[in-house]
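> This structure is in structure tokens; I'll ask about it shortly.
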Amino acid sequence: MISEILSVIFSINTFNAALRLSIPLALGAMAGAFSERSGIINIGLEGLLLIGAFTGVLGSFITGSAWLGVIFAAISGILTALIFAVFIIEFKANHVVAGVGLNILVLGFTTWMMQIIWGTKGASPSVNSVPPIKIYFLEEIPIIGQLLGVQSPYVYLMLILIFGGWVLLFKTPLGLRIRFTGEHPEAADSQGINVKKIKYFSLLLSGFLCGIGGSYLSLAHLSQFSRNMTAGRGYMALAANIFGQWNPLGGLAASLLFGFTDALQMRLQGIDIGLANDLIQMLPYVLTIAVLAGAVIKSRPPAALGNHYESGE
């Protein structure tokens with residue numbers, strides 16, 4: 001039995017699956033990094049991922065094109081984040097309460113729309129999905145070729161977006177303004193930085209990232225939308241962001257860890273290890289709780305995280 005477990009743990013197929021399963025988590029974690037670096041607690045990652053998953057399928061269903069579905073998902077993520085931003089920035093709603101409210105709203109909205117469009121509350125019809133692609137020059141490289149030679153386009157898109165997000169956040173003047181806003185908005189305002197615009201930009205960018213991340217679930221991982229298909233991934237992304245110290249690269253590392261445990265529990269269900277499948281399925285969530293508990297103790301969030309600020313106050 002031990003040899004079977006080790007063969008599953010160190011299987012290239014497990015690592016391949018982990019890479020794919022980390023996509024919504026890593027993009028959600030980076031979305032959380034941008035919004036929270038600007039000072040806004042983003043509990044609404046779950047809802048933003050879910051609306052992306054739903055509208056991705058809706059776009060593919062309407063147009064027949066999975067890639068147009070991805071565009072639908074990105075736009076819907078931005079629009080949903082805009083609603084969240086208005087409540088937080090304009091009406092100064094409590095960040096956590098507004099985020100939880102957003103998650104509940106999106107869950108109810110997507111369930112209602114499924115019933116209206118497809119006459120079901122369970123799952124949508126199958127739609128055109130985004131197929132894997134082959135990168136020939138990578139395919140010849142040992143190990144890397146097995147991981148990245150043939151993969152979902154979302155994997156390459158995730159890596160590009162995360163590296164680009166890291167550069168934007170830590171190597172550009174705009175990124176400095178975002179981090180400055182989250183640490184000391186009064187000082188940022190005194191230096192001529194438009195704090196409100198920075199917060200709007202950061203939240204809309206987080207919606208864009210979550211829209212794409214959510215669409216992976218319904219247009220690549222599966223080819224349909226099912227009720228509440230994010231299944232807590234937004235909260236896992238939040239944990240990955242905190243564990244990764246509000247850094248897109250750190251969030252990617254944490255997401256790969258979560259993706260690995262998710263892939264592992266799926267493969268362990270196929271062998272007899274003396275544990276009920278329900279217990280095995282808990283593995284990613286138990287790890288999330290453990291990581292979040294440790295990260296909260298050791299991490300230092302942006303100083304103005306969760307605070308409201310109005311220019312001129």
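Every chain in the structure tokens takes a letter, A first, then B, and so on in the order presented; its residues are numbered from 1, and the ligands are numbered from 1 following the presented order.
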Could you give me, as a PyMOL selection string, the residues within 7 Å of region 73-87 of chain A, counting only C-alpha atoms and dropping anything in the same chain fewer than 3 positions from it?

chain A and resi 48+51-53+55-56+69-70+90-93+200+203-204+207-208+210-212+215

> Quick one: residues within 9 Å of Glu140 (chain A), only C-alpha atoms, excluding same-chain residues fewer than 5 positions away - as a list in words?

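Within the cut-off, the hits are Gly145, Gln146 and Gly149 of chain A.
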
> Taking only region 33-223 of chain A into account, list the residues labelled strand (DSSP E or B) by DSSP (computed from the backbone), as a list of chain:residue names.

A:Ala123, A:Ile133, A:Lys134, A:Val150, A:Gln151

> The selected residues should be written to file as an mmCIF file, in the first residue's frame (atoms: N, CA, C and O atoms).


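Result saved to again_6.cif:
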```
data_model
loop_
_atom_site.group_PDB
_atom_site.id
_atom_site.type_symbol
_atom_site.label_atom_id
_atom_site.label_comp_id
_atom_site.auth_asym_id
_atom_site.auth_seq_id
_atom_site.Cartn_x
_atom_site.Cartn_y
_atom_site.Cartn_z
ATOM 1 N N ALA A 123 -26.982 21.683 -13.303
ATOM 2 C CA ALA A 123 -25.844 21.874 -14.200
ATOM 3 C C ALA A 123 -26.329 22.304 -15.570
ATOM 4 O O ALA A 123 -27.424 21.943 -16.001
ATOM 5 N N ILE A 133 -3.141 22.505 -25.739
ATOM 6 C CA ILE A 133 -2.287 22.799 -26.889
ATOM 7 C C ILE A 133 -0.906 22.199 -26.645
ATOM 8 O O ILE A 133 -0.528 21.904 -25.514
ATOM 9 N N LYS A 134 -0.157 22.037 -27.731
ATOM 10 C CA LYS A 134 1.173 21.432 -27.657
ATOM 11 C C LYS A 134 2.225 22.490 -27.978
ATOM 12 O O LYS A 134 2.113 23.207 -28.971
ATOM 13 N N VAL A 150 2.479 19.590 -23.312
ATOM 14 C CA VAL A 150 1.072 19.556 -23.719
ATOM 15 C C VAL A 150 0.248 19.949 -22.501
ATOM 16 O O VAL A 150 0.198 19.215 -21.517
ATOM 17 N N GLN A 151 -0.389 21.108 -22.564
ATOM 18 C CA GLN A 151 -1.128 21.599 -21.414
ATOM 19 C C GLN A 151 -2.302 22.452 -21.873
ATOM 20 O O GLN A 151 -2.395 22.842 -23.040
#
```

> Excluding region 19-22 of chain A and any residue of its chain fewer than 2 positions from it, enumerate the residues within 6 Å of it, using only C-alpha atoms, and give them as a PyMOL selection string.

chain A and resi 16-17+24-26+255-256+259

> Find the residue from A:Leu174, A:Ala231, A:Leu102, A:Ala187 that sits nearest to Gly44 (chain A); use only C-alpha atoms when measuring.

A:Leu102

> Calculated over only C-alpha atoms, which of the candidates A:Leu157, A:Leu305, A:Ala237, A:Leu222 has the smallest distance to Arg37 (chain A)?

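Closest candidate: A:Leu305.
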
> To one decimal place, how far is CA of Gly192 (chain A) from CA of Ser206 (chain A) in Å?

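That distance, rounded to one decimal, is 23.9 Å.
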
> Please return, as an MDAnalysis selection string, all residues of region 196-282 of chain A that DSSP assigns to alpha helix (DSSP H) on the basis of the backbone.

chainID A and resid 196:216 233:243 248:268 277:281

> How many Å separate CA of Gln265 (chain A) from CA of Leu279 (chain A)?

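Those two atoms sit 9.3 Å apart.
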
> Which distance in Å separates CA of Ile62 (chain A) and CA of Ile104 (chain A), to one decimal?

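Between CA of Ile62 (chain A) and CA of Ile104 (chain A) the gap is 25.6 Å.
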
> When distances are computed from only C-alpha atoms, which of A:Pro131, A:Gly39, A:Gly59, A:Gly28 shows the smallest separation from Lys199 (chain A)?

A:Gly39
